[in-house]
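Asks: Input structure16.tsv, format and content: TSV, C-alpha atoms and all ligand atoms.
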chain	number	residue	atom	x	y	z
W	786	MET	CA	16.39	17.37	4.52
W	787	ILE	CA	13.44	16.45	6.73
W	788	GLU	CA	14.60	15.88	10.30
W	789	ASP	CA	14.33	12.56	12.11
W	790	ALA	CA	12.23	14.23	14.81
W	791	VAL	CA	9.56	14.96	12.16
W	792	LEU	CA	9.65	11.33	10.98
W	793	ASP	CA	9.31	10.14	14.59
W	794	ALA	CA	6.33	12.46	15.08
W	795	ALA	CA	4.76	11.16	11.85
W	796	GLU	CA	5.18	7.61	13.09
W	797	ARG	CA	3.35	8.46	16.33
W	798	TYR	CA	0.67	10.36	14.41
W	799	ALA	CA	0.05	7.39	12.09
W	800	GLN	CA	-0.02	4.96	15.00
W	801	LYS	CA	-2.67	7.03	16.74
W	802	PHE	CA	-4.63	7.54	13.52
W	803	PHE	CA	-4.87	3.82	12.74
W	804	ALA	CA	-5.38	2.62	16.33
W	805	GLN	CA	-8.97	1.55	15.57
W	806	ASP	CA	-8.62	-0.08	12.14
W	807	ALA	CA	-8.54	-3.82	11.41
W	808	SER	CA	-9.16	-3.86	7.65
W	809	GLY	CA	-5.53	-3.93	6.53
W	810	HIS	CA	-5.10	-0.17	6.35
W	811	ASP	CA	-3.32	-0.16	9.62
W	812	TRP	CA	-0.26	1.22	11.28
W	813	HIS	CA	1.79	-1.86	10.49
W	814	HIS	CA	0.89	-1.47	6.81
W	815	THR	CA	2.17	2.10	7.05
W	816	MET	CA	5.41	0.95	8.68
W	817	ARG	CA	5.96	-1.76	6.05
W	818	VAL	CA	5.35	0.74	3.27
W	819	ARG	CA	7.87	3.05	4.88
W	820	ARG	CA	10.54	0.33	5.07
W	821	THR	CA	10.00	-0.87	1.50
W	822	ALA	CA	9.75	2.68	0.14
W	823	GLU	CA	13.02	3.66	1.82
W	824	ARG	CA	14.72	0.57	0.41
W	825	ILE	CA	13.50	1.45	-3.08
W	826	ALA	CA	14.47	5.12	-2.59
W	827	VAL	CA	18.05	4.23	-1.64
W	828	GLU	CA	18.39	1.98	-4.67
W	829	GLU	CA	16.84	4.54	-7.03
W	830	GLY	CA	18.68	7.57	-5.63
W	831	ALA	CA	15.48	9.34	-4.50
W	832	ASP	CA	15.20	11.76	-1.56
W	833	VAL	CA	14.88	9.23	1.27
W	834	SER	CA	13.43	11.59	3.91
W	835	VAL	CA	10.69	12.86	1.57
W	836	VAL	CA	9.87	9.25	0.69
W	837	ALA	CA	9.81	8.19	4.36
W	838	LEU	CA	7.52	11.04	5.40
W	839	ALA	CA	5.17	10.55	2.46
W	840	ALA	CA	5.03	6.80	3.22
W	841	LEU	CA	4.18	7.48	6.87
W	842	LEU	CA	1.36	9.85	5.88
W	843	HIS	CA	0.17	8.09	2.71
W	844	ASP	CA	-3.06	6.69	4.15
W	845	VAL	CA	-4.09	9.35	6.69
W	846	ASP	CA	-6.39	10.98	4.12
W	847	ASP	CA	-7.65	7.73	2.62
W	848	ALA	CA	-11.18	8.18	1.27
W	849	LYS	CA	-12.46	5.17	3.25
W	850	LEU	CA	-11.02	6.29	6.58
W	851	SER	CA	-11.20	10.08	6.30
W	852	PRO	CA	-13.63	11.01	3.50
W	853	GLU	CA	-13.87	14.63	4.60
W	854	THR	CA	-10.13	15.25	4.13
W	855	SER	CA	-9.35	12.94	1.20
W	856	GLY	CA	-9.88	15.68	-1.39
W	857	ASP	CA	-7.47	18.24	0.00
W	858	LEU	CA	-5.21	15.92	2.07
W	859	GLY	CA	-6.26	17.94	5.10
W	860	ASN	CA	-4.76	15.61	7.73
W	861	ALA	CA	-1.36	15.46	6.05
W	862	ARG	CA	-1.42	19.22	5.44
W	863	SER	CA	-2.19	19.97	9.09
W	864	PHE	CA	0.52	17.61	10.28
W	865	LEU	CA	3.13	19.18	7.97
W	866	ALA	CA	2.12	22.70	9.05
W	867	GLU	CA	2.37	21.74	12.75
W	868	GLN	CA	5.82	20.28	12.17
W	869	GLY	CA	7.02	23.32	10.20
W	870	VAL	CA	7.59	21.37	6.97
W	871	GLY	CA	7.04	23.87	4.16
W	872	GLY	CA	8.11	24.92	0.69
W	873	GLU	CA	9.42	22.35	-1.77
W	874	GLU	CA	9.61	19.60	0.84
W	875	ARG	CA	5.93	19.98	1.73
W	876	ASP	CA	4.95	20.00	-1.94
W	877	ALA	CA	7.08	16.92	-2.66
W	878	VAL	CA	5.47	15.00	0.23
W	879	LEU	CA	1.92	16.03	-0.75
W	880	THR	CA	2.51	15.08	-4.39
W	881	ALA	CA	3.73	11.62	-3.38
W	882	ILE	CA	0.71	11.09	-1.10
W	883	ARG	CA	-1.73	12.26	-3.80
W	884	GLU	CA	-0.24	9.98	-6.43
W	885	VAL	CA	-0.09	6.80	-4.35
W	886	SER	CA	-3.73	5.76	-4.60
W	887	PHE	CA	-4.65	2.86	-6.88
W	888	SER	CA	-8.26	3.93	-7.25
W	889	LYS	CA	-7.45	7.58	-8.00
W	890	ASN	CA	-4.45	7.05	-10.29
W	891	GLY	CA	-4.67	3.55	-11.76
W	892	ALA	CA	-1.90	3.25	-14.34
W	893	ALA	CA	-1.14	7.02	-14.63
W	894	LYS	CA	2.58	7.62	-14.13
W	895	PRO	CA	3.82	9.33	-10.95
W	896	SER	CA	5.23	12.79	-11.60
W	897	THR	CA	8.30	12.45	-9.34
W	898	LEU	CA	10.78	9.71	-8.41
W	899	GLU	CA	9.78	10.02	-4.72
W	900	SER	CA	6.15	9.52	-5.67
W	901	ALA	CA	7.10	6.40	-7.67
W	902	CYS	CA	8.95	4.92	-4.66
W	903	VAL	CA	5.97	5.32	-2.30
W	904	ARG	CA	3.47	4.07	-4.85
W	905	ASP	CA	5.50	0.95	-5.62
W	906	ALA	CA	5.94	0.23	-1.90
W	907	ASP	CA	2.19	0.59	-1.22
W	908	ARG	CA	1.32	-1.74	-4.10
W	909	LEU	CA	4.02	-4.23	-3.09
W	910	ASP	CA	2.28	-4.60	0.29
W	911	ALA	CA	-0.74	-6.03	-1.56
W	912	ILE	CA	1.22	-8.97	-3.03
W	913	GLY	CA	3.50	-11.70	-1.69
W	914	ALA	CA	2.85	-13.45	1.63
W	915	ILE	CA	1.71	-10.24	3.33
W	916	GLY	CA	-0.52	-9.32	0.40
W	917	VAL	CA	-2.23	-12.73	0.53
W	918	ALA	CA	-2.77	-12.35	4.28
W	919	ARG	CA	-4.19	-8.84	3.79
W	920	ALA	CA	-6.57	-10.00	1.07
W	921	PHE	CA	-8.08	-12.71	3.29
W	922	ALA	CA	-8.19	-10.34	6.26
W	923	PHE	CA	-10.11	-7.86	4.08
W	924	GLY	CA	-12.45	-10.66	2.98
W	925	GLY	CA	-13.06	-11.62	6.61
W	926	VAL	CA	-13.87	-8.08	7.70
W	927	HIS	CA	-16.30	-7.74	4.77
W	928	GLY	CA	-17.90	-11.17	5.25
W	929	ARG	CA	-16.74	-12.52	1.89
W	930	ALA	CA	-16.26	-16.12	0.79
W	931	LEU	CA	-12.70	-17.42	0.53
W	932	HIS	CA	-13.44	-18.81	-2.90
W	933	ASP	CA	-16.37	-19.51	-5.19
W	934	PRO	CA	-15.70	-22.39	-7.60
W	935	SER	CA	-18.75	-21.50	-9.74
W	936	GLY	CA	-17.27	-18.09	-10.48
W	937	ALA	CA	-20.72	-16.52	-10.01
W	938	ASP	CA	-19.78	-14.71	-6.80
W	939	LYS	CA	-17.44	-12.01	-8.06
W	940	THR	CA	-16.71	-10.89	-4.50
W	941	ALA	CA	-14.91	-14.03	-3.26
W	942	THR	CA	-11.39	-13.23	-2.13
W	943	THR	CA	-9.79	-15.42	-4.79
W	944	ASP	CA	-11.48	-13.21	-7.43
W	945	HIS	CA	-9.52	-10.28	-6.06
W	946	PHE	CA	-6.29	-12.06	-7.04
W	947	HIS	CA	-7.30	-11.85	-10.71
W	948	GLU	CA	-8.96	-8.45	-10.50
W	949	LYS	CA	-6.07	-6.69	-8.84
W	950	LEU	CA	-3.20	-8.63	-7.30
W	951	PHE	CA	-1.90	-10.29	-10.48
W	952	LYS	CA	-1.90	-6.93	-12.27
W	953	LEU	CA	0.30	-5.10	-9.79
W	954	LYS	CA	3.62	-6.53	-11.00
W	955	ASP	CA	3.20	-4.75	-14.34
W	956	LEU	CA	2.25	-1.46	-12.69
W	957	MET	CA	5.56	-0.90	-10.92
W	958	CYS	CA	7.21	2.43	-11.63
W	959	THR	CA	10.81	1.79	-10.51
W	960	GLY	CA	13.42	-0.84	-11.33
W	961	ALA	CA	13.73	-1.86	-7.69
W	962	GLY	CA	9.93	-2.12	-7.43
W	963	ARG	CA	9.80	-4.34	-10.52
W	964	ARG	CA	12.44	-6.68	-9.09
W	965	ILE	CA	10.72	-7.03	-5.70
W	966	ALA	CA	7.32	-7.39	-7.40
W	967	ALA	CA	8.56	-10.21	-9.65
W	968	HIS	CA	9.42	-12.27	-6.57
W	969	ARG	CA	6.22	-11.44	-4.67
W	970	ASP	CA	4.10	-12.11	-7.76
W	971	THR	CA	5.57	-15.61	-7.99
W	972	VAL	CA	4.81	-16.20	-4.30
W	973	THR	CA	1.21	-14.99	-4.81
W	974	ARG	CA	0.62	-17.19	-7.87
W	975	GLU	CA	2.14	-20.25	-6.18
W	976	PHE	CA	-0.12	-19.66	-3.19
W	977	LEU	CA	-3.26	-19.54	-5.34
W	978	ASP	CA	-2.21	-22.63	-7.34
W	979	GLU	CA	-1.73	-24.60	-4.11
W	980	PHE	CA	-4.99	-23.21	-2.67
W	981	LEU	CA	-6.92	-24.46	-5.73
W	982	ARG	CA	-5.20	-27.86	-5.68
W	983	GLU	CA	-6.18	-28.27	-2.02
W	984	TRP	CA	-9.71	-27.02	-2.74
W	985	ASP	CA	-10.10	-29.74	-5.39
W	986	GLY	CA	-8.65	-32.40	-3.10
W	987	ASN	CA	-5.53	-32.76	-5.22
W	988	ALA	CA	-2.84	-31.68	-2.79
W	1001	LIG	P1	-5.42	1.03	-1.82
W	1001	LIG	O1	-4.68	1.47	-0.58
W	1001	LIG	O2	-4.50	0.76	-2.97
W	1001	LIG	O3	-6.63	1.84	-2.15
W	1001	LIG	P2	-7.30	-0.99	-1.01
W	1001	LIG	O4	-7.93	-0.16	0.03
W	1001	LIG	O5	-8.06	-1.27	-2.26
W	1001	LIG	O6	-5.89	-0.42	-1.44
W	1001	LIG	O7	-6.85	-2.33	-0.37
W	1001	LIG	C1	-6.23	-2.49	0.88
W	1001	LIG	C2	-5.89	-3.98	1.06
W	1001	LIG	O8	-7.08	-4.75	1.03
W	1001	LIG	C3	-5.00	-4.54	-0.05
W	1001	LIG	O9	-4.12	-5.51	0.46
W	1001	LIG	C4	-5.99	-5.14	-1.01
W	1001	LIG	O10	-5.44	-6.17	-1.80
W	1001	LIG	C5	-7.04	-5.64	-0.07
W	1001	LIG	N1	-8.34	-5.65	-0.75
W	1001	LIG	C6	-8.99	-4.61	-1.32
W	1001	LIG	N2	-10.16	-5.00	-1.90
W	1001	LIG	C7	-10.22	-6.32	-1.69
W	1001	LIG	C8	-11.16	-7.34	-2.05
W	1001	LIG	N3	-12.26	-7.07	-2.75
W	1001	LIG	N4	-10.90	-8.62	-1.66
W	1001	LIG	C9	-9.79	-8.91	-0.96
W	1001	LIG	N5	-8.85	-8.01	-0.59
W	1001	LIG	C10	-9.07	-6.74	-0.94
W	1002	NI	NI	-1.49	2.04	1.80
Let me see the file written as structure tokens.
Ligand code: ADP
Ligand code: NI

Replies:
Amino acid sequence: MIEDAVLDAAERYAQKFFAQDASGHDWHHTMRVRRTAERIAVEEGADVSVVALAALLHDVDDAKLSPETSGDLGNARSFLAEQGVGGEERDAVLTAIREVSFSKNGAAKPSTLESACVRDADRLDAIGAIGVARAFAFGGVHGRALHDPSGADKTATTDHFHEKLFKLKDLMCTGAGRRIAAHRDTVTREFLDEFLREWDGNA
């Protein structure tokens, strides 16, 4: 059982770590992933404290934000060592962090239930109302068009819906994740349908 004091310290650590970031990989993303991951963990009967800690640390070794530690999860490892989290609990947390990444793992199955809970929660934050908001925030930070009706500009934010967001529902690893994703996927698709109707002057 990982103590609440460790989870509180992880929350402060993540808040400090993401203080500078505006691209959607922020502290609030981390907190949402924690809440959703815990909800999934309870429903699935996973170890909730391992899931909570892994969720809090899941992006602190992200390749975009900390390229020098992304290979060995150096930031998470140092944090766990400082907090005295060792043995099976440390390994369980590190496994869940390692297996969360979309780019590194794609459709490969998570090796533990805790890992599956964190991965589903991270992917769920990319769809639904929040996911739509994050996609356009990402597009803004990277100077991308909202939409390109010609389809030539493959970097418009609406292209990302097809490239990634609509695929996430089928990549869920838990029953609870699939149920939440089904709802958020509907919200995402309805948003894009309305967006395109308005774009064409039909709504
Ligand atoms: P992950 O943490 O799975 O590696 P990313 O870093 O790819 O996720 O994405 C973080 C957020 O930014 C997500 O909400 C994602 O949908 C969004 N995002 C990533 N790439 C794009 C893009 N090309 N256009 C719009 N949004 C994007
Ligand atoms: Ni994340």

Asks: Could you list the protein, DNA and RNA residues that have any atom within 9 Å of ligand LIG 1001 (chain W), counting all atoms listed in the file, and write them as a PyMOL selection string?

Replies: chain W and resi 808-810+843-844+847-849+885-889+904+907-912+915-925+927+929+939-946+948-950

Asks: Select all residues near (2.7, -14.3, -3.7) (cut-off 7 Å, inclusive, file coordinates), counting only C-alpha atoms, and output them as a CSV table (one decimal) with C-alpha atoms, in the frame of the given file.

Replies:
chain,number,residue,atom,x,y,z
W,912,ILE,CA,1.2,-9.0,-3.0
W,913,GLY,CA,3.5,-11.7,-1.7
W,914,ALA,CA,2.8,-13.4,1.6
W,917,VAL,CA,-2.2,-12.7,0.5
W,969,ARG,CA,6.2,-11.4,-4.7
W,970,ASP,CA,4.1,-12.1,-7.8
W,971,THR,CA,5.6,-15.6,-8.0
W,972,VAL,CA,4.8,-16.2,-4.3
W,973,THR,CA,1.2,-15.0,-4.8
W,974,ARG,CA,0.6,-17.2,-7.9
W,975,GLU,CA,2.1,-20.2,-6.2
W,976,PHE,CA,-0.1,-19.7,-3.2

Asks: Hey, which of W:Ala988, W:Val818, W:Leu953, W:Leu865 ends up closest to ligand NI 1002 (chain W)? Count all atoms listed in the file.

Replies: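 Checking each candidate against ligand NI 1002 (chain W), we get W:Val818 as the closest.
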
Asks: My list of candidates is W:Arg819, W:Arg875, W:Arg862, W:Lys954. Which is closest to ligand NI 1002 (chain W) when distances are computed with all atoms listed in the file?

Replies: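 Nearest to ligand NI 1002 (chain W): W:Arg819.
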
Asks: So which one's closest to W:Gly859, W:Ala840, W:Glu873, W:Arg883, W:Gln800? Using all atoms listed in the file, please.

Replies: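 Looking at the shortest contact to W:Gly859, the residue is W:Arg883.
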
Asks: Which residue is closest to W:Arg824? Choose from W:Glu853, W:Glu867, W:Glu899, W:Glu884 and count only C-alpha atoms.

Replies: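 Ranked by minimum distance to W:Arg824, first place goes to W:Glu899.
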
Asks: State, in Å with one decimal place, the distance from atom CA of W:Asp793 to atom CA of W:Leu841.

Replies: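 Atom-to-atom, atom CA of W:Asp793 and atom CA of W:Leu841 are spaced 9.6 Å apart.
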
Asks: Using only C-alpha atoms and all ligand atoms, which residue out of W:Ala804, W:Val791, W:Ala906, W:Ala861 lies closest to ligand NI 1002 (chain W)?

Replies: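 Closest residue, counting only C-alpha atoms and all ligand atoms: W:Ala906.
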
Asks: Let me have the centre and edge lengths of the axis-aligned box enclosing all listed atoms of stretch 930-940 of chain W with 8 Å padding on every side, in Å to one decimal, as lines of an AutoDock Vina configuration file.

Replies:
center_x = -16.7
center_y = -16.6
center_z = -4.8
size_x = 24.0
size_y = 27.5
size_z = 27.3

Asks: Could you check how far atom CA of W:Thr821 sits from atom CA of W:Phe980, in Å to one decimal?

Replies: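 Calculated distance between atom CA of W:Thr821 and atom CA of W:Phe980 is 27.2 Å.
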
Asks: Have a look at W:Asp905, W:Asp789, W:Glu829, W:Glu796 and name the one nearest to ligand NI 1002 (chain W); count all atoms listed in the file.

Replies: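 With all atoms listed in the file as the atom set, the closest residue is W:Asp905.
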
Asks: Can you tell me how far atom CA of W:Val835 sits from atom CA of W:Ala967, in Å to one decimal?

Replies: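 Between atom CA of W:Val835 and atom CA of W:Ala967 the gap works out to 25.7 Å.
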
Asks: Could you list, as a ChimeraX atom specification, every residue within 9 Å of W:Ser834, counting only C-alpha atoms and ignoring same-chain residues fewer than 5 positions away?

Replies: /W:786-789,792,823,839

Asks: Could you write out the selected residues, including C-alpha atoms, as a PDB file, keeping the file's coordinate frame?

Replies:
ATOM      1  CA  MET W 786      16.390  17.370   4.520  1.00  0.00           C
ATOM      2  CA  ILE W 787      13.440  16.450   6.730  1.00  0.00           C
ATOM      3  CA  GLU W 788      14.600  15.880  10.300  1.00  0.00           C
ATOM      4  CA  ASP W 789      14.330  12.560  12.110  1.00  0.00           C
ATOM      5  CA  LEU W 792       9.650  11.330  10.980  1.00  0.00           C
ATOM      6  CA  GLU W 823      13.020   3.660   1.820  1.00  0.00           C
ATOM      7  CA  ALA W 839       5.170  10.550   2.460  1.00  0.00           C
TER       8      ALA W 839
END

Asks: Extract, using all atoms listed in the file, all DNA, RNA and protein residues at most 10 Å from W:Lys894, discarding same-chain residues fewer than 6 positions from it, and format them as a list in words.

Replies: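 Counting all atoms listed in the file, the residues come to Glu884, Ser900, Ala901, Arg904, Leu956, Met957 and Cys958 of chain W.
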
Asks: Can you list, as a list in words, every protein, DNA or RNA residue that comes within 10 Å of W:Leu898 when you count all atoms listed in the file, leaving out same-chain residues fewer than 2 positions away?

Replies: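 After dropping sequence-adjacent residues, the list is Ala826, Glu829, Gly830, Ala831, Asp832, Val836, Ala877, Ala881, Pro895, Ser896, Ser900, Ala901, Cys902, Val903, Arg904, Cys958 and Thr959 of chain W.
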